[in-house]
Amino acid sequence: MASKMKISLAWQMMIGLAVGVIVGAMVDAQFAKTYFQPLGTLFIRLIRMVVVPLVFATIVAGAAGISDTAKLGRVATKTLLVYAVTTAIAVAMGLLFANWIDPGVGISLSTEGLKAKAVSAPSLVDTLLDIVPINPMEALAKGAILQVIFFAVLFGFGLAALGERGKPVLSFFELVGDVMIRVTNIVMKYAPIGVFGLISYTVAQHGLAVLLPLFKLILTSFLATAVLVLFILTPMVMLLGRTKPGIFFKGIFEPWLIAFTTCSSAAALPANLAAARRLGSTKAVASFSIPLGNTINMNGTAVYMGVCSVFAAEVYGIDLTMADQATIVLMGVIAAVGTAGVPGAGLIMTTVVFTQVGIPLEAVALIAGVDRILDMIRTSINVVGDVASAIVVTNWEGELYSEPYVEGEA
Ligand code: ASP
């Protein structure tokens with residue numbers, strides 16, 4: 001009897017993607033919205049269901065595991081440094097390409113009647129204070145990931161301080177993490193259909209007619225992001241993370257694809273944790289930096305901030321001075337850090353940058369027409385940046401591949 005052919009999950013997802021593109025091109029937007037979008041939404045909900053318990057359990061176990069506070073401080077400092085540098089380079093890359101391609105020149109789409117909701121940048125002090133939850137249970141219930149991380153790290157330290165007595169609780173959280181990985185594996189069986197639902201809806205919704213006028217914006221975003229990956233992140237991983245590009249790309253494929261299709265870094269978090277571990281990151285570094293990076297390290301969104309600012313300025317005929325561009329880099333980093341890992345969050349956060357350089361916020365409505373496509377590009381790179389950073393920080397600690405990774409362990 002012929003052995004049963006087994007197609008790997010990644011391939012099944014690629015097939016879902018291809019079929020989604022074909023079917024999406026054949027049906028109308030309303031049909032896709034009624035019948036296909038729910039399939040995709042179900043997938044996003046299923047995956048996001050895993051995130052809060054997974055993050056909490058892995059970070060508690062991770063922090064209790066690194067009971068050495070000096071080490072945690074070192075890992076945190078290195079991680080934040082890599083995040084800050086790559087994010088700033090990413091915004092600059094977006095600016096560079098947009099200044100070169102001029103995506104907004106010649107666009108005369110009417111923005112009349114389109115009103116964007118302004119979001120004023122929260123003050124730095126408030127942003128920092130907001131990391132501390134008043135009520136950890138509320139943070140868990142709301143899924144406020146930074147607050148969850150903050151509490152989980154302290155909880156982990158408290159647990160470590162108990163020594164032997166804390167062991168049962170530590171193993172409890174280790175097990176919860178492992179259980180959540182198993183739950184993710186179950187959910188992922190549905191991924192090919194979910195991917196089909198998401199992509200067919202996107203293609204049906206954004207036919208060529210919608211995409212064409214803003215094609216240059218999409219192209220700029222794509223090129224700047226591709227160059228960031230190929231010429232900044234990849235060499236970084238090679239030189240500072242001792243990892244060959246082929247191995248890196250293979251390792252990040254699954255979270256990349258999940259992020260690309262769902263437009264949610266949060267949805268790709270479980271796969272991203274596994275990818276970082278498979279690529280040699282230690283449990284301690286991965287379980288700290290991947291969930292943290294998932295919320296604050298958004299390289300793709302940072303590129304997008306730079307591209308959109310120039311695009312919008314060009315549409316409105318505003319000249320951006322060098323000082324304006326420097327402001328965009330700074331505010332772009334802040335906006336990217338403040339962006340939540342959910343679909344469309346970056347679009348709202350562009351207002352933080354636009355306000356600073358006097359770009360009318362109606363520009364947001366203009367970008368919104370193609371934002372799903374831009375979101376696919378930026379989200380998929382957001383998660384790639386997290387894994388790249390985890391590899392670099394682990395190597396910097398001299399611990400790359402120092403802990404064998406057992407598939408299915410959190
Ligand atoms: N969708 C992005 C993410 O989840 C955030 C954004 O809109 O930029 O990473």
# chains A, B, ... in the order shown; residues from 1 in each chain; ligands from 1

call {"tool": "select_by_dssp", "arguments": {"residues": "stretch 165-392 of chain A", "states": "alpha helix (DSSP H)", "output": "short mmCIF file (atom, residue, chain, number, x, y, z; two decimals) with C-alpha atoms, in the first residue's frame"}}
result
data_model
loop_
_atom_site.label_atom_id
_atom_site.label_comp_id
_atom_site.auth_asym_id
_atom_site.auth_seq_id
_atom_site.Cartn_x
_atom_site.Cartn_y
_atom_site.Cartn_z
CA LYS A 167 9.44 24.57 42.66
CA PRO A 168 5.87 23.19 42.40
CA VAL A 169 4.56 26.54 41.18
CA LEU A 170 7.48 26.88 38.78
CA SER A 171 6.76 23.47 37.28
CA PHE A 172 3.11 24.43 37.12
CA PHE A 173 3.90 27.44 34.92
CA GLU A 174 6.37 25.45 32.82
CA LEU A 175 3.62 22.94 32.19
CA VAL A 176 1.05 25.62 31.38
CA GLY A 177 3.48 26.99 28.77
CA ASP A 178 3.89 23.52 27.27
CA VAL A 179 0.14 22.99 27.27
CA MET A 180 -0.38 26.28 25.42
CA ILE A 181 2.11 25.16 22.77
CA ARG A 182 0.05 21.99 22.35
CA VAL A 183 -3.10 24.09 22.09
CA THR A 184 -1.36 26.18 19.43
CA ASN A 185 -0.49 23.03 17.51
CA ILE A 186 -4.15 22.01 17.54
CA VAL A 187 -5.25 25.46 16.40
CA MET A 188 -2.64 25.48 13.65
CA ALA A 191 -4.35 27.43 9.65
CA PRO A 192 -4.56 26.54 5.93
CA ILE A 193 -8.30 27.25 5.89
CA GLY A 194 -7.80 30.38 7.99
CA VAL A 195 -5.14 31.62 5.59
CA PHE A 196 -7.45 30.91 2.67
CA GLY A 197 -10.22 32.93 4.35
CA LEU A 198 -7.99 35.89 5.10
CA ILE A 199 -6.35 36.07 1.71
CA SER A 200 -9.41 35.47 -0.43
CA TYR A 201 -11.20 38.25 1.44
CA THR A 202 -8.24 40.61 1.07
CA VAL A 203 -7.91 39.95 -2.66
CA ALA A 204 -11.66 40.29 -3.28
CA GLN A 205 -11.75 43.50 -1.26
CA LEU A 208 -6.57 45.99 -8.91
CA ALA A 209 -8.72 49.10 -9.24
CA VAL A 210 -8.19 49.95 -5.59
CA LEU A 211 -4.53 49.12 -5.61
CA PHE A 215 0.65 51.20 -6.28
CA LYS A 216 3.76 53.33 -5.78
CA LEU A 217 3.06 53.50 -2.06
CA ILE A 218 2.86 49.72 -1.88
CA LEU A 219 5.98 49.34 -4.01
CA THR A 220 7.98 51.77 -1.86
CA SER A 221 6.89 50.03 1.28
CA PHE A 222 7.76 46.65 -0.16
CA LEU A 223 11.19 47.68 -1.46
CA ALA A 224 12.23 49.49 1.71
CA THR A 225 11.14 46.54 3.82
CA ALA A 226 12.87 44.02 1.57
CA VAL A 227 16.11 46.01 1.69
CA THR A 234 20.23 39.33 7.43
CA PRO A 235 23.84 40.60 7.74
CA MET A 236 23.11 41.34 11.41
CA VAL A 237 22.02 37.76 11.95
CA MET A 238 25.03 36.48 10.00
CA LEU A 239 27.69 38.62 11.64
CA LEU A 240 26.30 39.11 15.13
CA GLY A 241 24.22 35.96 15.33
CA PRO A 245 20.75 33.28 5.80
CA GLY A 246 19.28 30.04 4.44
CA ILE A 247 18.85 28.62 7.93
CA PHE A 248 17.43 31.89 9.18
CA PHE A 249 14.87 32.22 6.39
CA LYS A 250 13.80 28.60 6.74
CA GLY A 251 13.46 29.03 10.50
CA ILE A 252 11.30 32.13 10.33
CA PHE A 253 9.09 30.96 7.52
CA GLU A 254 6.14 29.82 9.61
CA PRO A 255 5.77 32.90 11.83
CA TRP A 256 6.44 35.06 8.78
CA LEU A 257 3.60 33.44 6.90
CA ILE A 258 1.20 33.63 9.84
CA ALA A 259 1.99 37.31 10.31
CA PHE A 260 1.72 37.98 6.58
CA THR A 261 -1.72 36.48 6.32
CA THR A 262 -3.21 37.52 9.68
CA SER A 265 2.15 39.92 15.30
CA ALA A 266 0.28 38.70 18.34
CA ALA A 267 -1.19 35.87 16.30
CA ALA A 268 2.30 34.84 15.19
CA LEU A 269 3.72 34.90 18.70
CA PRO A 270 3.54 31.17 19.50
CA ALA A 271 5.17 30.26 16.18
CA ASN A 272 7.74 32.99 16.71
CA LEU A 273 8.74 31.64 20.11
CA ALA A 274 9.28 28.21 18.60
CA ALA A 275 11.24 29.71 15.68
CA ALA A 276 13.61 31.59 17.98
CA ARG A 277 14.23 28.44 20.02
CA ARG A 278 14.78 26.31 16.93
CA LYS A 283 14.77 29.64 26.65
CA ALA A 284 15.69 32.56 28.90
CA VAL A 285 16.36 34.98 26.04
CA ALA A 286 13.53 33.80 23.81
CA SER A 287 10.88 33.79 26.49
CA PHE A 288 11.83 37.30 27.51
CA SER A 289 12.63 39.00 24.22
CA ILE A 290 10.11 37.43 21.85
CA PRO A 291 6.93 38.40 23.76
CA LEU A 292 8.43 41.81 24.55
CA GLY A 293 9.50 42.34 20.94
CA ASN A 294 6.08 41.23 19.80
CA THR A 295 4.64 44.39 21.31
CA ILE A 296 7.47 46.91 21.15
CA ASN A 299 10.71 46.97 12.34
CA GLY A 300 8.16 46.63 9.55
CA THR A 301 5.83 49.18 11.11
CA ALA A 302 8.81 51.51 11.54
CA VAL A 303 9.60 51.38 7.81
CA TYR A 304 5.94 52.07 7.14
CA MET A 305 6.01 55.17 9.38
CA GLY A 306 8.83 56.63 7.30
CA VAL A 307 7.24 55.75 3.95
CA CYS A 308 3.77 57.02 4.89
CA SER A 309 5.08 60.31 6.24
CA VAL A 310 6.83 61.19 2.99
CA PHE A 311 3.88 59.88 0.98
CA ALA A 312 1.36 62.01 2.88
CA ALA A 313 3.59 65.07 2.83
CA GLU A 314 3.92 64.74 -0.94
CA VAL A 315 0.19 64.34 -1.44
CA MET A 322 15.98 67.63 7.25
CA ALA A 323 14.80 68.59 10.72
CA ASP A 324 11.32 67.25 9.88
CA GLN A 325 12.85 64.00 8.69
CA ALA A 326 14.82 63.70 11.92
CA THR A 327 11.59 64.28 13.85
CA ILE A 328 9.95 61.55 11.78
CA VAL A 329 12.70 59.09 12.75
CA LEU A 330 12.24 59.87 16.42
CA MET A 331 8.45 59.90 16.39
CA GLY A 332 8.40 56.91 14.04
CA VAL A 333 10.32 54.87 16.60
CA ILE A 334 7.93 55.95 19.37
CA ALA A 335 4.88 55.26 17.20
CA ALA A 336 6.17 51.82 16.20
CA VAL A 337 6.88 50.95 19.84
CA GLY A 338 3.39 52.03 20.80
CA ALA A 345 -2.90 49.36 14.59
CA GLY A 346 -0.02 51.02 12.74
CA LEU A 347 -2.36 53.05 10.57
CA ILE A 348 -3.83 54.79 13.61
CA MET A 349 -0.36 55.37 15.02
CA THR A 350 0.79 57.23 11.90
CA THR A 351 -1.19 60.17 13.31
CA VAL A 352 1.38 60.43 16.10
CA VAL A 353 4.04 61.13 13.48
CA PHE A 354 1.88 63.22 11.15
CA THR A 355 0.87 65.60 13.93
CA GLN A 356 4.49 66.36 14.74
CA VAL A 357 5.37 67.47 11.23
CA ALA A 363 -3.98 61.41 4.86
CA VAL A 364 -4.75 58.43 7.08
CA ALA A 365 -7.99 57.90 5.24
CA LEU A 366 -6.13 57.89 1.95
CA ILE A 367 -3.69 55.24 3.11
CA ALA A 368 -6.50 53.22 4.68
CA ASP A 371 -3.59 49.46 4.40
CA ARG A 372 -4.35 45.75 4.50
CA ILE A 373 -1.68 45.14 1.88
CA LEU A 374 0.80 47.42 3.66
CA ASP A 375 -0.09 45.68 6.91
CA MET A 376 0.79 42.29 5.46
CA ILE A 377 4.21 43.58 4.48
CA ARG A 378 4.96 45.32 7.77
CA THR A 379 3.57 42.73 10.15
CA SER A 380 5.50 39.88 8.58
CA ILE A 381 8.72 41.83 9.07
CA ASN A 382 7.81 42.83 12.60
CA VAL A 383 8.06 39.21 13.66
CA VAL A 384 11.20 38.54 11.63
CA GLY A 385 12.94 41.40 13.47
CA ASP A 386 12.06 39.82 16.81
CA VAL A 387 13.66 36.49 15.96
CA ALA A 388 16.71 38.20 14.47
CA SER A 389 17.17 40.15 17.70
CA ALA A 390 16.72 37.06 19.87
CA ILE A 391 19.44 35.24 17.92
CA VAL A 392 21.82 38.19 18.18
#

call {"tool": "closest_residue", "arguments": {"among": "A:Thr394, A:Gly344, A:Ala64, A:Ala98", "to": "A:Lys78", "atoms": "only C-alpha atoms"}}
result
A:Thr394

call {"tool": "closest_residue", "arguments": {"among": "A:Thr41, A:Ser8, A:Thr79, A:Thr87", "to": "A:Trp396", "atoms": "only C-alpha atoms"}}
result
A:Thr79

call {"tool": "atom_distance", "arguments": {"atom1": "atom CA of A:Val50", "atom2": "atom CA of A:Leu154"}}
result
21.6 Å

call {"tool": "residues_around", "arguments": {"residues": "A:Gln147", "least_positions_apart": "6", "cutoff": "6 Å", "atoms": "only C-alpha atoms", "output": "number ranges by chain"}}
result
A: 131-133

call {"tool": "write_last_selection", "arguments": {"atoms": "C-alpha atoms", "output": "tab-separated table (two decimals), in the first residue's frame"}}
result
chain	number	residue	atom	x	y	z
A	131	ILE	CA	3.48	49.57	31.88
A	132	VAL	CA	2.75	48.96	35.56
A	133	PRO	CA	-0.65	47.32	35.99

call {"tool": "closest_residue", "arguments": {"among": "A:Met49, A:Leu129, A:Gly358, A:Ile44", "to": "ligand 1", "atoms": "only C-alpha atoms and all ligand atoms"}}
result
A:Ile44

call {"tool": "closest_residue", "arguments": {"among": "A:Leu279, A:Leu54, A:Leu320, A:Val370", "to": "A:Tyr405", "atoms": "only C-alpha atoms"}}
result
A:Leu279

call {"tool": "residues_around", "arguments": {"residues": "A:Gly143", "least_positions_apart": "3", "cutoff": "7 Å", "atoms": "only C-alpha atoms", "output": "list in words"}}
result
Val52, Ala139 and Leu140 of chain A

call {"tool": "atom_distance", "arguments": {"atom1": "atom CA of A:Gly280", "atom2": "atom CA of A:Leu400"}}
result
5.1 Å

call {"tool": "closest_residue", "arguments": {"among": "A:Pro103, A:Ala141, A:Leu159, A:Asn395", "to": "A:Leu212", "atoms": "only C-alpha atoms"}}
result
A:Pro103

call {"tool": "decode", "arguments": {"residues": "stretch 226-265 of chain A", "atoms": "N, CA and C atoms", "output": "compact mmCIF listing (two decimals), in the first residue's frame"}}
result
# COMPACT_ATOMS: atom_id res chain seq x y z
N ALA A 226 12.03 45.11 2.07
CA ALA A 226 12.87 44.02 1.57
C ALA A 226 14.35 44.36 1.78
N VAL A 227 14.71 45.61 1.51
CA VAL A 227 16.11 46.01 1.69
C VAL A 227 16.49 45.94 3.17
N LEU A 228 15.56 46.33 4.02
CA LEU A 228 15.85 46.24 5.47
C LEU A 228 16.16 44.79 5.85
N VAL A 229 15.36 43.87 5.33
CA VAL A 229 15.58 42.46 5.68
C VAL A 229 16.88 41.95 5.07
N LEU A 230 17.07 42.23 3.78
CA LEU A 230 18.22 41.63 3.09
C LEU A 230 19.55 42.29 3.45
N PHE A 231 19.52 43.60 3.66
CA PHE A 231 20.80 44.29 3.85
C PHE A 231 21.07 44.76 5.27
N ILE A 232 20.09 44.65 6.15
CA ILE A 232 20.35 45.03 7.54
C ILE A 232 20.14 43.81 8.46
N LEU A 233 18.91 43.26 8.44
CA LEU A 233 18.64 42.17 9.38
C LEU A 233 19.44 40.91 9.07
N THR A 234 19.52 40.56 7.78
CA THR A 234 20.23 39.33 7.43
C THR A 234 21.73 39.42 7.76
N PRO A 235 22.43 40.50 7.33
CA PRO A 235 23.84 40.60 7.74
C PRO A 235 23.99 40.64 9.26
N MET A 236 23.03 41.28 9.94
CA MET A 236 23.11 41.34 11.41
C MET A 236 23.07 39.92 12.00
N VAL A 237 22.14 39.13 11.46
CA VAL A 237 22.02 37.76 11.95
C VAL A 237 23.26 36.94 11.59
N MET A 238 23.83 37.23 10.40
CA MET A 238 25.03 36.48 10.00
C MET A 238 26.23 36.86 10.86
N LEU A 239 26.46 38.17 10.99
CA LEU A 239 27.69 38.62 11.64
C LEU A 239 27.58 38.58 13.16
N LEU A 240 26.42 39.04 13.67
CA LEU A 240 26.30 39.11 15.13
C LEU A 240 25.57 37.90 15.71
N GLY A 241 24.97 37.11 14.83
CA GLY A 241 24.22 35.96 15.33
C GLY A 241 24.71 34.64 14.77
N ARG A 242 25.81 34.68 14.04
CA ARG A 242 26.43 33.46 13.49
C ARG A 242 25.41 32.49 12.89
N THR A 243 24.48 33.02 12.12
CA THR A 243 23.47 32.16 11.51
C THR A 243 23.43 32.41 10.01
N LYS A 244 23.46 31.32 9.24
CA LYS A 244 23.46 31.47 7.79
C LYS A 244 22.07 31.92 7.31
N PRO A 245 22.05 32.77 6.26
CA PRO A 245 20.75 33.28 5.80
C PRO A 245 19.74 32.18 5.49
N GLY A 246 20.20 31.12 4.83
CA GLY A 246 19.28 30.04 4.44
C GLY A 246 18.60 29.45 5.67
N ILE A 247 19.40 29.22 6.70
CA ILE A 247 18.85 28.62 7.93
C ILE A 247 17.88 29.60 8.59
N PHE A 248 18.27 30.87 8.57
CA PHE A 248 17.43 31.89 9.18
C PHE A 248 16.08 31.98 8.46
N PHE A 249 16.12 32.07 7.14
CA PHE A 249 14.87 32.22 6.39
C PHE A 249 13.97 31.00 6.55
N LYS A 250 14.60 29.82 6.57
CA LYS A 250 13.80 28.60 6.74
C LYS A 250 13.15 28.62 8.13
N GLY A 251 13.95 29.04 9.11
CA GLY A 251 13.46 29.03 10.50
C GLY A 251 12.32 30.00 10.74
N ILE A 252 12.34 31.13 10.05
CA ILE A 252 11.30 32.13 10.33
C ILE A 252 10.10 32.00 9.42
N PHE A 253 10.15 31.01 8.53
CA PHE A 253 9.09 30.96 7.52
C PHE A 253 7.68 30.88 8.11
N GLU A 254 7.51 30.00 9.09
CA GLU A 254 6.14 29.82 9.61
C GLU A 254 5.59 31.07 10.28
N PRO A 255 6.32 31.66 11.26
CA PRO A 255 5.77 32.90 11.83
C PRO A 255 5.61 34.01 10.80
N TRP A 256 6.54 34.05 9.83
CA TRP A 256 6.44 35.06 8.78
C TRP A 256 5.12 34.93 8.03
N LEU A 257 4.81 33.68 7.68
CA LEU A 257 3.60 33.44 6.90
C LEU A 257 2.34 33.73 7.72
N ILE A 258 2.37 33.36 8.99
CA ILE A 258 1.20 33.63 9.84
C ILE A 258 1.00 35.14 9.95
N ALA A 259 2.10 35.86 10.18
CA ALA A 259 1.99 37.31 10.31
C ALA A 259 1.53 37.95 9.00
N PHE A 260 2.06 37.44 7.90
CA PHE A 260 1.72 37.98 6.58
C PHE A 260 0.23 37.85 6.30
N THR A 261 -0.32 36.70 6.66
CA THR A 261 -1.72 36.48 6.32
C THR A 261 -2.68 37.06 7.37
N THR A 262 -2.28 37.04 8.65
CA THR A 262 -3.21 37.52 9.68
C THR A 262 -3.06 39.01 9.94
N CYS A 263 -1.93 39.59 9.55
CA CYS A 263 -1.63 40.99 9.88
C CYS A 263 -1.62 41.22 11.37
N SER A 264 -1.26 40.21 12.13
CA SER A 264 -1.19 40.38 13.58
C SER A 264 0.05 39.70 14.13
N SER A 265 0.97 40.51 14.68
CA SER A 265 2.15 39.92 15.30
C SER A 265 1.75 39.04 16.45
